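A quick write-up on the structure given underneath.
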Amino acid sequence: MSLKASYSVIAPFYDAAVERATRAARQRSLAALPGEAGRVLLAGVGTGLDLPYLPPAPRYVGLDLNRPMLRRALPRAGNLDFASVQGDAQHLPFTEAAFDAAVLHLILAVVPQPDRCLGEIARVVRPGGTVIVFDKFLRRGQPALLRRLANPLARRVASRLDVVFEDVLATVPQFAREDDQPALGGGWFRLIRLRRR
Ligand SMILES: C[S@@+](CC[C@H](N)C(=O)[O-])C[C@H]1O[C@@H](n2cnc3c(N)ncnc32)[C@H](O)[C@@H]1O
């Protein structure tokens, strides 16, 4: 099963499973987003659980591979200047430096090639721009046997469980890590802020 197909099945249940558990962490993460006007990309925007917590001034583009997830995001946009785009976060349909900031919430560890995804984010975010990441990552050398055992199935239906953020970041030298804090699950989920050099 592809992620596109599996998230079509997950879409009607996603909010019930994820909203409450992630609300506080996503609010903390989004507080790091610059509030001034500009263009902000939400990569893998899903059902739009971030939208109620976004500052009102910027123009937002929410990209997702999956139409049933995106459809649920639109009603959450309220008065925001929000456009939805169906596309692949590993091959972004945008020009260089098109965005002032990007939000990567629960997408970097979902896509098959997180290094490709972060590389694309580096291409479309302007120098000096902010990227905020909220996701689950392993530390280098962390055994995490259960997660590694579950990974072959999990990566096909919902998310990879074996992504080491430091390994991904090492492939994209355009980013400097400014902040990195534990969020949920004893530090399995982290809030990370990057600056585009
Ligand atoms: C775990 S959900 C996260 C949704 C949202 N960002 C959130 O924080 O609730 C992962 C999302 O990534 C989308 N997705 C999976 N692979 C993708 C890809 N290659 N490009 C863009 N979106 C993708 C899925 O359709 C799904 O909406």
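Ordered as shown in the structure tokens, chains take letters A, B, and onward, while each chain numbers its residues from 1 and ligands are numbered from 1 in the order shown.
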- request: Would you list the contacts of A:Ala32 as a VMD selection string, taking every protein, DNA or RNA residue within 10 Å and counting only C-alpha atoms, but skipping same-chain residues closer than 5 positions in sequence?
  value: chain A and resid 27 130 to 132 179 191 to 193
Give me, as JSON lines, the closest atom pair and its distance (Å, one decimal) for every residue of chain A within a cut-off of 9 Å of ligand 1, counting only C-alpha atoms and all ligand atoms, rows sorted by chain and rising number.
{"residue": "A:Ser2", "atom": "CA", "partner": "ligand 1", "partner_atom_place_in_ligand_line": "16 (N)", "distance": 8.9}
{"residue": "A:Leu3", "atom": "CA", "partner": "ligand 1", "partner_atom_place_in_ligand_line": "15 (C)", "distance": 5.7}
{"residue": "A:Lys4", "atom": "CA", "partner": "ligand 1", "partner_atom_place_in_ligand_line": "25 (O)", "distance": 6.0}
{"residue": "A:Ala5", "atom": "CA", "partner": "ligand 1", "partner_atom_place_in_ligand_line": "25 (O)", "distance": 8.7}
{"residue": "A:Ser6", "atom": "CA", "partner": "ligand 1", "partner_atom_place_in_ligand_line": "25 (O)", "distance": 8.2}
{"residue": "A:Tyr7", "atom": "CA", "partner": "ligand 1", "partner_atom_place_in_ligand_line": "25 (O)", "distance": 5.2}
{"residue": "A:Ser8", "atom": "CA", "partner": "ligand 1", "partner_atom_place_in_ligand_line": "25 (O)", "distance": 7.5}
{"residue": "A:Ile10", "atom": "CA", "partner": "ligand 1", "partner_atom_place_in_ligand_line": "26 (C)", "distance": 8.9}
{"residue": "A:Ala11", "atom": "CA", "partner": "ligand 1", "partner_atom_place_in_ligand_line": "27 (O)", "distance": 7.7}
{"residue": "A:Tyr14", "atom": "CA", "partner": "ligand 1", "partner_atom_place_in_ligand_line": "9 (O)", "distance": 8.0}
{"residue": "A:Asp15", "atom": "CA", "partner": "ligand 1", "partner_atom_place_in_ligand_line": "9 (O)", "distance": 7.8}
{"residue": "A:Val18", "atom": "CA", "partner": "ligand 1", "partner_atom_place_in_ligand_line": "9 (O)", "distance": 6.9}
{"residue": "A:Glu19", "atom": "CA", "partner": "ligand 1", "partner_atom_place_in_ligand_line": "9 (O)", "distance": 7.3}
{"residue": "A:Thr22", "atom": "CA", "partner": "ligand 1", "partner_atom_place_in_ligand_line": "8 (O)", "distance": 8.0}
{"residue": "A:Arg26", "atom": "CA", "partner": "ligand 1", "partner_atom_place_in_ligand_line": "8 (O)", "distance": 7.5}
{"residue": "A:Leu42", "atom": "CA", "partner": "ligand 1", "partner_atom_place_in_ligand_line": "6 (N)", "distance": 7.3}
{"residue": "A:Ala43", "atom": "CA", "partner": "ligand 1", "partner_atom_place_in_ligand_line": "21 (C)", "distance": 6.3}
{"residue": "A:Gly44", "atom": "CA", "partner": "ligand 1", "partner_atom_place_in_ligand_line": "22 (N)", "distance": 3.9}
{"residue": "A:Val45", "atom": "CA", "partner": "ligand 1", "partner_atom_place_in_ligand_line": "6 (N)", "distance": 4.1}
{"residue": "A:Gly46", "atom": "CA", "partner": "ligand 1", "partner_atom_place_in_ligand_line": "27 (O)", "distance": 3.3}
{"residue": "A:Thr47", "atom": "CA", "partner": "ligand 1", "partner_atom_place_in_ligand_line": "4 (C)", "distance": 6.3}
{"residue": "A:Gly48", "atom": "CA", "partner": "ligand 1", "partner_atom_place_in_ligand_line": "5 (C)", "distance": 6.3}
{"residue": "A:Leu49", "atom": "CA", "partner": "ligand 1", "partner_atom_place_in_ligand_line": "9 (O)", "distance": 5.3}
{"residue": "A:Asp50", "atom": "CA", "partner": "ligand 1", "partner_atom_place_in_ligand_line": "8 (O)", "distance": 6.4}
{"residue": "A:Leu63", "atom": "CA", "partner": "ligand 1", "partner_atom_place_in_ligand_line": "21 (C)", "distance": 6.2}
{"residue": "A:Asp64", "atom": "CA", "partner": "ligand 1", "partner_atom_place_in_ligand_line": "22 (N)", "distance": 3.8}
{"residue": "A:Leu65", "atom": "CA", "partner": "ligand 1", "partner_atom_place_in_ligand_line": "22 (N)", "distance": 4.1}
{"residue": "A:Asn66", "atom": "CA", "partner": "ligand 1", "partner_atom_place_in_ligand_line": "25 (O)", "distance": 4.4}
{"residue": "A:Arg67", "atom": "CA", "partner": "ligand 1", "partner_atom_place_in_ligand_line": "25 (O)", "distance": 7.7}
{"residue": "A:Pro68", "atom": "CA", "partner": "ligand 1", "partner_atom_place_in_ligand_line": "25 (O)", "distance": 8.2}
{"residue": "A:Met69", "atom": "CA", "partner": "ligand 1", "partner_atom_place_in_ligand_line": "27 (O)", "distance": 5.3}
{"residue": "A:Leu70", "atom": "CA", "partner": "ligand 1", "partner_atom_place_in_ligand_line": "27 (O)", "distance": 7.1}
{"residue": "A:Gln86", "atom": "CA", "partner": "ligand 1", "partner_atom_place_in_ligand_line": "21 (C)", "distance": 7.7}
{"residue": "A:Gly87", "atom": "CA", "partner": "ligand 1", "partner_atom_place_in_ligand_line": "21 (C)", "distance": 5.8}
{"residue": "A:Asp88", "atom": "CA", "partner": "ligand 1", "partner_atom_place_in_ligand_line": "20 (N)", "distance": 3.5}
{"residue": "A:Ala89", "atom": "CA", "partner": "ligand 1", "partner_atom_place_in_ligand_line": "20 (N)", "distance": 3.8}
{"residue": "A:Gln90", "atom": "CA", "partner": "ligand 1", "partner_atom_place_in_ligand_line": "19 (N)", "distance": 5.7}
{"residue": "A:His91", "atom": "CA", "partner": "ligand 1", "partner_atom_place_in_ligand_line": "20 (N)", "distance": 8.0}
{"residue": "A:Leu92", "atom": "CA", "partner": "ligand 1", "partner_atom_place_in_ligand_line": "20 (N)", "distance": 8.4}
{"residue": "A:Val103", "atom": "CA", "partner": "ligand 1", "partner_atom_place_in_ligand_line": "6 (N)", "distance": 8.2}
{"residue": "A:Leu104", "atom": "CA", "partner": "ligand 1", "partner_atom_place_in_ligand_line": "6 (N)", "distance": 6.7}
{"residue": "A:His105", "atom": "CA", "partner": "ligand 1", "partner_atom_place_in_ligand_line": "8 (O)", "distance": 4.4}
{"residue": "A:Leu106", "atom": "CA", "partner": "ligand 1", "partner_atom_place_in_ligand_line": "3 (C)", "distance": 4.5}
{"residue": "A:Ile107", "atom": "CA", "partner": "ligand 1", "partner_atom_place_in_ligand_line": "12 (O)", "distance": 5.1}
{"residue": "A:Leu108", "atom": "CA", "partner": "ligand 1", "partner_atom_place_in_ligand_line": "12 (O)", "distance": 8.5}
{"residue": "A:Ala109", "atom": "CA", "partner": "ligand 1", "partner_atom_place_in_ligand_line": "1 (C)", "distance": 8.6}
{"residue": "A:Val110", "atom": "CA", "partner": "ligand 1", "partner_atom_place_in_ligand_line": "15 (C)", "distance": 6.0}
{"residue": "A:Val111", "atom": "CA", "partner": "ligand 1", "partner_atom_place_in_ligand_line": "16 (N)", "distance": 4.9}
{"residue": "A:Pro112", "atom": "CA", "partner": "ligand 1", "partner_atom_place_in_ligand_line": "19 (N)", "distance": 7.3}
{"residue": "A:Gln113", "atom": "CA", "partner": "ligand 1", "partner_atom_place_in_ligand_line": "19 (N)", "distance": 8.4}
{"residue": "A:Cys117", "atom": "CA", "partner": "ligand 1", "partner_atom_place_in_ligand_line": "19 (N)", "distance": 8.1}
{"residue": "A:Phe134", "atom": "CA", "partner": "ligand 1", "partner_atom_place_in_ligand_line": "8 (O)", "distance": 7.8}
{"residue": "A:Asp135", "atom": "CA", "partner": "ligand 1", "partner_atom_place_in_ligand_line": "8 (O)", "distance": 8.6}
{"residue": "A:Ala158", "atom": "CA", "partner": "ligand 1", "partner_atom_place_in_ligand_line": "1 (C)", "distance": 6.8}
{"residue": "A:Ser159", "atom": "CA", "partner": "ligand 1", "partner_atom_place_in_ligand_line": "1 (C)", "distance": 6.9}
I need the chosen residues saved as a PDB file, in the first residue's frame, with C-alpha atoms.
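New file again.pdb:
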ATOM      1  CA  SER A   2       1.326   3.485  -0.855  1.00  0.00           C
ATOM      2  CA  LEU A   3       1.220   6.389   1.611  1.00  0.00           C
ATOM      3  CA  LYS A   4      -1.185   8.132  -0.741  1.00  0.00           C
ATOM      4  CA  ALA A   5      -3.616   5.234  -0.458  1.00  0.00           C
ATOM      5  CA  SER A   6      -3.156   4.670   3.264  1.00  0.00           C
ATOM      6  CA  TYR A   7      -3.740   8.332   4.184  1.00  0.00           C
ATOM      7  CA  SER A   8      -6.967   8.226   2.172  1.00  0.00           C
ATOM      8  CA  ILE A  10      -6.730   7.295   7.608  1.00  0.00           C
ATOM      9  CA  ALA A  11      -8.184  10.724   6.715  1.00  0.00           C
ATOM     10  CA  TYR A  14      -6.916  11.293  11.696  1.00  0.00           C
ATOM     11  CA  ASP A  15      -8.184  14.189  13.797  1.00  0.00           C
ATOM     12  CA  VAL A  18      -3.966  12.951  16.617  1.00  0.00           C
ATOM     13  CA  GLU A  19      -5.514  16.326  17.472  1.00  0.00           C
ATOM     14  CA  THR A  22      -0.414  16.910  19.620  1.00  0.00           C
ATOM     15  CA  ARG A  26       2.073  22.069  17.834  1.00  0.00           C
ATOM     16  CA  LEU A  42       3.062  23.983   5.368  1.00  0.00           C
ATOM     17  CA  ALA A  43       4.519  20.811   3.887  1.00  0.00           C
ATOM     18  CA  GLY A  44       2.307  17.758   4.440  1.00  0.00           C
ATOM     19  CA  VAL A  45      -0.390  20.024   5.879  1.00  0.00           C
ATOM     20  CA  GLY A  46      -2.755  17.068   6.294  1.00  0.00           C
ATOM     21  CA  THR A  47      -6.154  17.948   7.754  1.00  0.00           C
ATOM     22  CA  GLY A  48      -4.886  21.385   8.773  1.00  0.00           C
ATOM     23  CA  LEU A  49      -4.529  20.845  12.525  1.00  0.00           C
ATOM     24  CA  ASP A  50      -1.946  23.662  12.590  1.00  0.00           C
ATOM     25  CA  LEU A  63       0.853  21.122   0.347  1.00  0.00           C
ATOM     26  CA  ASP A  64      -0.124  17.485   0.714  1.00  0.00           C
ATOM     27  CA  LEU A  65       0.061  14.346  -1.392  1.00  0.00           C
ATOM     28  CA  ASN A  66      -3.404  13.294  -0.410  1.00  0.00           C
ATOM     29  CA  ARG A  67      -6.616  14.945  -1.558  1.00  0.00           C
ATOM     30  CA  PRO A  68      -8.908  13.573   1.226  1.00  0.00           C
ATOM     31  CA  MET A  69      -6.501  15.004   3.859  1.00  0.00           C
ATOM     32  CA  LEU A  70      -6.267  18.373   2.074  1.00  0.00           C
ATOM     33  CA  GLN A  86      -1.660  18.678  -4.016  1.00  0.00           C
ATOM     34  CA  GLY A  87       1.942  17.594  -4.446  1.00  0.00           C
ATOM     35  CA  ASP A  88       4.958  15.691  -3.179  1.00  0.00           C
ATOM     36  CA  ALA A  89       7.063  17.267  -0.421  1.00  0.00           C
ATOM     37  CA  GLN A  90      10.101  15.522  -1.941  1.00  0.00           C
ATOM     38  CA  HIS A  91       9.609  17.283  -5.292  1.00  0.00           C
ATOM     39  CA  LEU A  92       8.127  20.671  -4.491  1.00  0.00           C
ATOM     40  CA  VAL A 103       6.359  24.269   8.782  1.00  0.00           C
ATOM     41  CA  LEU A 104       7.317  20.584   8.782  1.00  0.00           C
ATOM     42  CA  HIS A 105       4.925  18.995  11.247  1.00  0.00           C
ATOM     43  CA  LEU A 106       4.805  15.203  11.121  1.00  0.00           C
ATOM     44  CA  ILE A 107       6.087  15.019   7.550  1.00  0.00           C
ATOM     45  CA  LEU A 108       9.876  14.652   7.660  1.00  0.00           C
ATOM     46  CA  ALA A 109       9.653  11.222   9.304  1.00  0.00           C
ATOM     47  CA  VAL A 110       6.673  10.267   7.118  1.00  0.00           C
ATOM     48  CA  VAL A 111       8.127  10.617   3.616  1.00  0.00           C
ATOM     49  CA  PRO A 112      10.313   7.812   2.247  1.00  0.00           C
ATOM     50  CA  GLN A 113      13.242  10.211   1.606  1.00  0.00           C
ATOM     51  CA  CYS A 117      12.333  16.554   1.475  1.00  0.00           C
ATOM     52  CA  PHE A 134       7.792  18.714  14.900  1.00  0.00           C
ATOM     53  CA  ASP A 135       8.299  14.990  14.478  1.00  0.00           C
ATOM     54  CA  ALA A 158       1.740   5.889   8.076  1.00  0.00           C
ATOM     55  CA  SER A 159       5.270   6.894   9.023  1.00  0.00           C
TER      56      SER A 159
END
message: To test your reading of the structure, identify every residue in stretch 115-194 of chain A that backbone DSSP assigns to helix (DSSP H, G or I), and report it as a PyMOL selection string.
response: chain A and resi 115-124+145-157+165-170+185-187
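With only C-alpha atoms as the atoms that count, the minimum distance from A:Leu169 to the choices A:Ile121, A:Pro55, A:Pro143, A:Arg72 is reached by A:Ile121.
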- prompt: Rounded to one decimal in Å, what is the spacing between atom CA of A:Gly78 and atom CA of A:Pro93?
  reply: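 Computing the Euclidean distance for atom CA of A:Gly78 and atom CA of A:Pro93 yields 24.7 Å.
Of note, atom CA of A:Arg190 and atom CA of A:Phe137 are spaced 7.3 Å apart.
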- request: Could you jot down the atom CA of A:Val40 to atom CA of A:Asp167 separation for me, Å, one decimal place?
  value: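 Computed distance, atom CA of A:Val40 to atom CA of A:Asp167, equals 25.3 Å.
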- line: Counting only C-alpha atoms, the residue among A:Val9, A:Leu80, A:Leu194, A:Val157 that lies closest to A:Leu118 is A:Leu194
message: Calculated over only C-alpha atoms, which of the candidates A:Arg155, A:Val172, A:Ser84, A:Asn79 has the smallest distance to A:Glu120?
response: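 Of A:Arg155, A:Val172, A:Ser84, A:Asn79, the one nearest A:Glu120, counting only C-alpha atoms, is A:Val172.
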message: List the spatial neighbours of A:Pro56 as JSON, numbers by chain - criterion: any atom at most 12 Å away, only C-alpha atoms, same-chain residues fewer than 2 positions off excluded.
response: {"A": [33, 34, 35, 36, 37, 38, 39, 40, 51, 52, 53, 54, 58, 59, 60, 77, 78, 79, 80, 81, 82]}
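Distances from A:Val125, A:Val164, A:Ala25, A:Val85 to A:Arg148 were compared using only C-alpha atoms, and the smallest one belongs to A:Val164.
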message: Taking only C-alpha atoms into account, name the residue in A:Arg147, A:Arg140, A:Arg28, A:Arg71 that is nearest to A:Val168.
response: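 Counting only C-alpha atoms, the residue closest to A:Val168 is A:Arg140.
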- prompt: A:Trp188: which residues within 7 Å, counting only C-alpha atoms, same-chain residues fewer than 3 positions away excluded, as a ChimeraX atom specification?
  reply: /A:136-138,184-185
Given only C-alpha atoms as the counted atoms, nearest of A:Gly129, A:Ala97, A:Arg177, A:Ala170 to A:Arg116: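 Of A:Gly129, A:Ala97, A:Arg177, A:Ala170, the one nearest A:Arg116 is A:Ala170, counting only C-alpha atoms.
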